[in-house]
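J.: Structure: work.txt, compact mmCIF, C-alpha atoms.
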```txt
# COMPACT_ATOMS: atom_id res chain seq x y z
CA MET H 1 -33.44 3.72 17.77
CA TYR H 2 -31.99 1.46 15.08
CA THR H 3 -32.21 -2.28 15.41
CA SER H 4 -29.24 -4.37 14.35
CA THR H 5 -28.79 -5.07 10.64
CA ASP H 6 -29.34 -8.80 11.24
CA ASN H 7 -32.80 -8.15 12.63
CA ARG H 8 -33.98 -5.96 9.76
CA LYS H 9 -35.86 -7.20 6.73
CA PRO H 10 -34.10 -6.34 3.43
CA ILE H 11 -36.01 -3.98 1.16
CA ASN H 12 -34.88 -3.26 -2.38
CA VAL H 13 -35.00 0.44 -3.19
CA ILE H 14 -34.78 1.29 -6.88
CA MET H 15 -33.48 4.82 -7.31
CA PHE H 16 -36.04 5.85 -9.91
CA SER H 17 -34.81 8.91 -11.81
CA GLY H 18 -37.55 8.93 -14.42
CA GLY H 19 -35.14 7.69 -17.09
CA ALA H 20 -35.02 4.50 -19.13
CA SER H 21 -32.19 2.71 -17.31
CA SER H 22 -33.68 3.04 -13.84
CA ALA H 23 -37.06 1.92 -15.22
CA TYR H 24 -35.49 -1.22 -16.68
CA ILE H 25 -33.59 -1.97 -13.46
CA ALA H 26 -36.83 -1.55 -11.52
CA TYR H 27 -38.46 -4.25 -13.63
CA GLU H 28 -35.52 -6.64 -13.31
CA VAL H 29 -35.24 -6.19 -9.54
CA SER H 30 -38.98 -6.66 -9.06
CA MET H 31 -38.88 -9.88 -11.11
CA GLN H 32 -36.03 -11.21 -8.98
CA TYR H 33 -37.18 -10.20 -5.51
CA GLY H 34 -40.94 -9.69 -5.83
CA ASN H 35 -42.93 -6.48 -5.86
CA GLU H 36 -43.72 -6.71 -2.17
CA ASN H 37 -40.00 -6.41 -1.39
CA CYS H 38 -39.31 -3.43 -3.66
CA VAL H 39 -39.78 0.33 -3.62
CA LEU H 40 -39.66 2.78 -6.53
CA PHE H 41 -37.98 5.81 -4.96
CA PHE H 42 -38.20 9.15 -6.78
CA CYS H 43 -36.84 12.49 -5.53
CA ASP H 44 -38.55 15.37 -7.30
CA THR H 45 -36.47 18.49 -7.97
CA LEU H 46 -39.59 20.39 -9.13
CA TRP H 47 -37.70 21.15 -12.35
CA GLU H 48 -38.77 17.90 -14.04
CA ASP H 49 -40.32 17.89 -17.49
CA MET H 50 -44.02 17.07 -17.27
CA ASP H 51 -43.69 14.09 -19.60
CA ASN H 52 -41.38 12.42 -17.08
CA TYR H 53 -44.29 12.05 -14.69
CA ARG H 54 -46.36 10.38 -17.40
CA PHE H 55 -43.53 7.94 -18.11
CA MET H 56 -42.95 7.11 -14.45
CA GLU H 57 -46.66 6.52 -13.85
CA GLU H 58 -46.88 4.15 -16.81
CA VAL H 59 -43.76 2.27 -15.70
CA SER H 60 -45.10 2.04 -12.15
CA ASN H 61 -48.38 0.60 -13.41
CA TYR H 62 -46.61 -1.83 -15.76
CA ILE H 63 -44.35 -3.20 -13.04
CA GLY H 64 -46.97 -3.05 -10.32
CA ILE H 65 -45.06 -1.04 -7.73
CA PRO H 66 -46.23 2.38 -6.51
CA ILE H 67 -43.81 5.30 -6.47
CA GLU H 68 -42.42 6.66 -3.21
CA HIS H 69 -42.48 10.31 -4.30
CA ARG H 70 -40.28 12.58 -2.19
CA ILE H 71 -40.33 16.36 -2.49
CA ASN H 72 -37.98 18.57 -0.51
CA GLY H 73 -40.10 21.58 -1.44
CA ARG H 74 -37.25 23.58 -2.93
CA THR H 75 -36.01 23.81 -6.51
CA PRO H 76 -32.33 23.77 -7.55
CA GLU H 77 -32.58 27.55 -7.84
CA ASP H 78 -33.74 27.77 -4.23
CA ILE H 79 -30.72 25.70 -3.18
CA PHE H 80 -28.31 27.99 -5.06
CA PHE H 81 -29.68 31.08 -3.37
CA ASP H 82 -29.94 29.44 0.06
CA MET H 83 -26.30 28.34 -0.08
CA GLY H 84 -24.89 31.34 -1.97
CA TYR H 85 -23.29 29.04 -4.55
CA LEU H 86 -24.39 28.82 -8.17
CA GLY H 87 -24.39 25.21 -9.36
CA ASN H 88 -22.17 24.36 -12.31
CA ALA H 89 -20.53 21.42 -14.08
CA ARG H 90 -17.95 21.10 -11.32
CA LEU H 91 -20.21 21.23 -8.27
CA ALA H 92 -23.98 20.91 -8.00
CA LYS H 93 -25.19 21.15 -4.41
CA CYS H 94 -28.77 20.86 -5.65
CA SER H 95 -28.40 17.11 -6.08
CA GLU H 96 -27.01 16.71 -2.58
CA GLU H 97 -29.87 18.64 -0.99
CA LEU H 98 -32.82 17.49 -3.10
CA LYS H 99 -31.85 13.87 -3.77
CA VAL H 100 -29.12 12.60 -1.46
CA ARG H 101 -30.49 14.19 1.70
CA GLU H 102 -33.99 12.90 0.97
CA THR H 103 -32.56 9.43 0.33
CA VAL H 104 -30.67 9.43 3.61
CA ASN H 105 -33.83 10.49 5.46
CA PHE H 106 -35.74 7.66 3.79
CA ILE H 107 -33.07 5.12 4.75
CA GLU H 108 -33.25 6.19 8.38
CA GLU H 109 -37.06 6.03 8.33
CA LYS H 110 -37.07 2.49 6.92
CA ARG H 111 -34.47 1.34 9.43
CA ASP H 112 -36.62 2.68 12.25
CA GLU H 113 -39.44 0.56 10.79
CA GLY H 114 -37.26 -2.55 10.87
CA TYR H 115 -36.12 -2.63 7.23
CA GLU H 116 -32.62 -2.63 5.78
CA PRO H 117 -32.60 -0.74 2.44
CA ILE H 118 -30.48 -1.95 -0.48
CA LEU H 119 -30.11 0.78 -3.10
CA PHE H 120 -30.23 -0.11 -6.81
CA PHE H 121 -29.01 2.40 -9.39
CA GLY H 122 -29.49 2.34 -13.18
CA ILE H 123 -25.99 3.65 -13.85
CA GLY H 124 -24.30 2.16 -16.90
CA PRO H 125 -20.68 1.12 -17.61
CA HIS H 126 -19.87 4.53 -19.09
CA GLU H 127 -20.47 6.09 -15.67
CA LYS H 128 -18.40 3.78 -13.48
CA HIS H 129 -16.91 6.79 -11.71
CA ARG H 130 -20.39 7.78 -10.51
CA ALA H 131 -20.99 4.26 -9.23
CA GLU H 132 -17.70 4.33 -7.33
CA ASN H 133 -18.54 7.69 -5.78
CA LEU H 134 -22.00 6.52 -4.72
CA ARG H 135 -20.67 3.26 -3.29
CA GLU H 136 -18.07 5.18 -1.28
CA PHE H 137 -20.61 7.74 -0.09
CA TYR H 138 -23.19 5.24 1.14
CA ALA H 139 -20.48 3.20 2.84
CA HIS H 140 -20.15 6.08 5.31
CA VAL H 141 -23.54 7.81 5.25
CA PRO H 142 -25.88 7.71 7.11
CA LEU H 143 -25.03 6.27 10.52
CA GLU H 144 -24.42 2.76 9.19
CA PRO H 145 -23.18 1.60 5.77
CA VAL H 146 -25.81 1.07 3.09
CA GLU H 147 -25.44 -1.59 0.42
CA THR H 148 -25.48 -0.22 -3.15
CA ARG H 149 -25.88 -2.25 -6.32
CA PHE H 150 -25.37 -1.32 -9.98
CA PRO H 151 -26.84 -4.11 -12.14
CA MET H 152 -26.05 -2.39 -15.44
CA ILE H 153 -22.36 -2.61 -14.49
CA GLU H 154 -22.18 -5.66 -12.24
CA ILE H 155 -24.46 -8.15 -14.02
CA TYR H 156 -24.85 -7.40 -17.71
CA LYS H 157 -21.73 -8.22 -19.71
CA GLU H 158 -23.03 -6.49 -22.83
CA ASP H 159 -24.94 -3.26 -23.26
CA VAL H 160 -28.68 -3.74 -22.94
CA ASP H 161 -30.88 -1.72 -25.28
CA VAL H 162 -33.26 -0.74 -22.51
CA LYS H 163 -34.99 1.96 -24.55
CA SER H 164 -35.94 -0.53 -27.25
CA ILE H 165 -37.25 -3.01 -24.66
CA ILE H 166 -39.40 -0.36 -23.00
CA VAL H 167 -40.88 0.84 -26.30
CA LYS H 168 -41.27 -2.45 -28.16
CA GLU H 169 -41.97 -4.92 -25.36
CA TRP H 170 -43.54 -2.80 -22.65
CA LYS H 171 -45.35 -0.57 -25.17
CA ILE H 172 -44.44 2.52 -23.14
CA ARG H 173 -43.38 5.73 -24.84
CA LEU H 174 -40.07 7.08 -23.57
CA PRO H 175 -39.84 10.53 -21.94
CA ARG H 176 -39.98 13.05 -24.75
CA MET H 177 -36.58 14.49 -23.79
CA TYR H 178 -34.86 11.46 -25.31
CA ASN H 179 -36.55 11.98 -28.67
CA LEU H 180 -35.65 15.66 -28.52
CA GLY H 181 -31.97 14.73 -28.33
CA PHE H 182 -31.14 14.99 -24.63
CA SER H 183 -28.84 12.30 -23.23
CA HIS H 184 -30.85 12.12 -20.00
CA ALA H 185 -34.22 13.32 -18.78
CA ASN H 186 -33.14 15.09 -15.59
CA CYS H 187 -34.42 18.50 -14.46
CA GLY H 188 -36.31 19.28 -17.66
CA GLY H 189 -33.09 20.03 -19.55
CA ARG H 190 -31.93 22.61 -17.01
CA CYS H 191 -29.33 20.42 -15.29
CA VAL H 192 -26.46 22.74 -14.36
CA ARG H 193 -23.97 19.94 -15.00
CA GLY H 194 -25.07 19.58 -18.61
CA GLY H 195 -22.24 21.37 -20.38
CA PHE H 196 -22.13 23.44 -23.55
CA LYS H 197 -23.68 20.97 -26.00
CA HIS H 198 -26.49 20.25 -23.57
CA TYR H 199 -27.32 23.92 -23.15
CA ALA H 200 -27.06 24.54 -26.89
CA LEU H 201 -29.74 21.89 -27.32
CA LEU H 202 -31.83 23.42 -24.55
CA TYR H 203 -31.64 26.79 -26.34
CA LYS H 204 -32.81 25.14 -29.56
CA VAL H 205 -35.60 23.01 -28.06
CA TRP H 206 -36.88 25.14 -25.17
CA PRO H 207 -35.56 28.71 -25.47
CA ASP H 208 -37.89 29.75 -22.65
CA ARG H 209 -36.17 27.36 -20.23
CA TYR H 210 -32.77 28.53 -21.44
CA LYS H 211 -33.89 32.12 -20.76
CA GLN H 212 -35.00 31.12 -17.26
CA GLN H 213 -31.48 29.87 -16.56
CA GLU H 214 -29.97 33.11 -17.87
CA ASP H 215 -32.34 35.13 -15.71
CA MET H 216 -31.44 33.01 -12.68
CA GLU H 217 -27.74 33.65 -13.30
CA GLU H 218 -28.30 37.38 -13.47
CA ARG H 219 -30.38 37.47 -10.28
CA PHE H 220 -27.71 35.46 -8.51
CA ARG H 221 -24.89 37.76 -9.67
CA GLN H 222 -26.78 40.83 -8.53
CA LYS H 223 -27.79 39.41 -5.16
CA PHE H 224 -24.35 38.11 -4.20
CA ASN H 225 -22.24 40.54 -6.25
CA MET H 226 -20.38 37.64 -7.82
CA ASN H 227 -19.25 37.26 -11.44
CA VAL H 228 -20.30 33.62 -11.84
CA SER H 229 -22.19 31.56 -14.42
CA ILE H 230 -23.39 28.01 -14.97
CA LEU H 231 -21.21 27.49 -18.04
CA LYS H 232 -17.65 28.67 -18.41
CA LYS H 233 -15.04 28.28 -21.11
CA MET H 234 -11.54 29.72 -20.73
CA GLY H 235 -12.91 31.78 -17.89
CA ASP H 236 -15.58 33.44 -20.03
CA HIS H 237 -19.36 33.41 -19.84
CA ILE H 238 -21.30 31.35 -22.35
CA HIS H 239 -21.96 34.38 -24.53
```
Please go through the file and, once you have read it, give me the structure as structure tokens.

T.:
Amino acid sequence: MYTSTDNRKPINVIMFSGGASSAYIAYEVSMQYGNENCVLFFCDTLWEDMDNYRFMEEVSNYIGIPIEHRINGRTPEDIFFDMGYLGNARLAKCSEELKVRETVNFIEEKRDEGYEPILFFGIGPHEKHRAENLREFYAHVPLEPVETRFPMIEIYKEDVDVKSIIVKEWKIRLPRMYNLGFSHANCGGRCVRGGFKHYALLYKVWPDRYKQQEDMEERFRQKFNMNVSILKKMGDHIH
């Protein structure tokens, strides 16, 4: 049974994606509130590139906060087949099931323990729409509103070169996906919301992973007898 918000101890939960921005926010939040009042929260889709784990471990050690590593047990592909809906740039249920649901469960667990989570996201000014959607979502889910904060938008008036700080000051090598040209390090390059340029890069860098996505599409079409694909342009398949 939940206690009242006034009786709970605030705990700062950094939504740790394995990327540079969330790593930088984790450091800043820990400096402001103290490591003992912070949690690095990572939801694993099981599609992550292996170098992401190396990066997260080094960041965790540098800051001094262990990672709360949550695994649903299913991959995005499992979600698509379970729900009978192939994820695409318009709708990706995988994120809802593997990340949002796990986050909500964590919030409820911490509240039962007497804590009131405050969620920190490393979303930048160019993604204000995402911040607005998250703020609206967590205002109504779970049972009570959850406070969300976006320091990259709300605090910093100018863009912060977080990648340079991590490499030059922290002496930590960024996830290899950045150096390979990807704009983010999510899902090992297989993010179904990536778009055409993203998947063209995936084909160039990791053709085996690109082939895995093609094979998944084909299995899905055969199982559900649906003419669908991850990428569409003018109603046509990527090819």

J.: Mind giving me the straight-line distance from atom CA of H:Asn35 to atom CA of H:Gly64 in Å, one decimal?

T.: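 These atoms are spaced 6.9 Å apart.
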
J.: Could you list, as a ChimeraX atom specification, every residue within 7 Å of H:Ser22, counting all atoms listed in the file and ignoring same-chain residues fewer than 6 positions away?

T.: /H:15-16,121-122

J.: Dump C-alpha atoms for the selected residues as a PDB file, keeping the file's coordinate frame?

T.:
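Saved result, result.pdb, follows:
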```pdb
ATOM      1  CA  MET H  15     -33.480   4.820  -7.310  1.00  0.00           C
ATOM      2  CA  PHE H  16     -36.040   5.850  -9.910  1.00  0.00           C
ATOM      3  CA  PHE H 121     -29.010   2.400  -9.390  1.00  0.00           C
ATOM      4  CA  GLY H 122     -29.490   2.340 -13.180  1.00  0.00           C
TER       5      GLY H 122
END
```

J.: Within 10 Å of H:Arg70, counting all atoms listed in the file, which residues show up once you throw out same-chain ones fewer than 2 positions away? Write them as a PyMOL selection string, please.

T.: chain H and resi 41-45+67-68+72-73+98-99+102-103+106

J.: Counting only C-alpha atoms, which residues have an atom no more than 8 Å from (-25.2, -1.9, -0.5) in the file's coordinates? Please list them as a PyMOL selection string.

T.: chain H and resi 118-119+135+138-139+145-149

J.: Rounded to one decimal, what separation in Å do you get between atom CA of H:His184 and atom CA of H:Ala20?

T.: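 Answer for the atom CA of H:His184 to atom CA of H:Ala20 separation: 8.7 Å.
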
J.: Quick one: pull the distance between atom CA of H:Asp78 and atom CA of H:Tyr199, Å, one decimal.

T.: 20.3 Å

J.: Of the residues H:Ser95, H:Asn186, H:Asn37, H:Ser17, which is the one nearest to H:Glu77, using all atoms listed in the file?

T.: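 Among the listed residues, the smallest separation from H:Glu77 belongs to H:Ser95.
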
J.: H:Lys110, H:Phe81, H:Pro151, H:Ser164: which is nearest H:Arg221, counting only C-alpha atoms?

T.: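 Of H:Lys110, H:Phe81, H:Pro151, H:Ser164, the one nearest H:Arg221 is H:Phe81, counting only C-alpha atoms.
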
J.: Check the smallest atom-to-atom distance from each of H:Asn105, H:Asn179, H:Gln222, H:Ser229 to H:Pro117 using only C-alpha atoms, then report the winner.

T.: H:Asn105

J.: Could you name the residues that touch H:Met83 at 12 Å or less, counting all atoms listed in the file, but leaving out those on the same chain fewer than 6 positions away, as a ChimeraX atom specification?

T.: /H:76-77,92-94,96-97,220,224
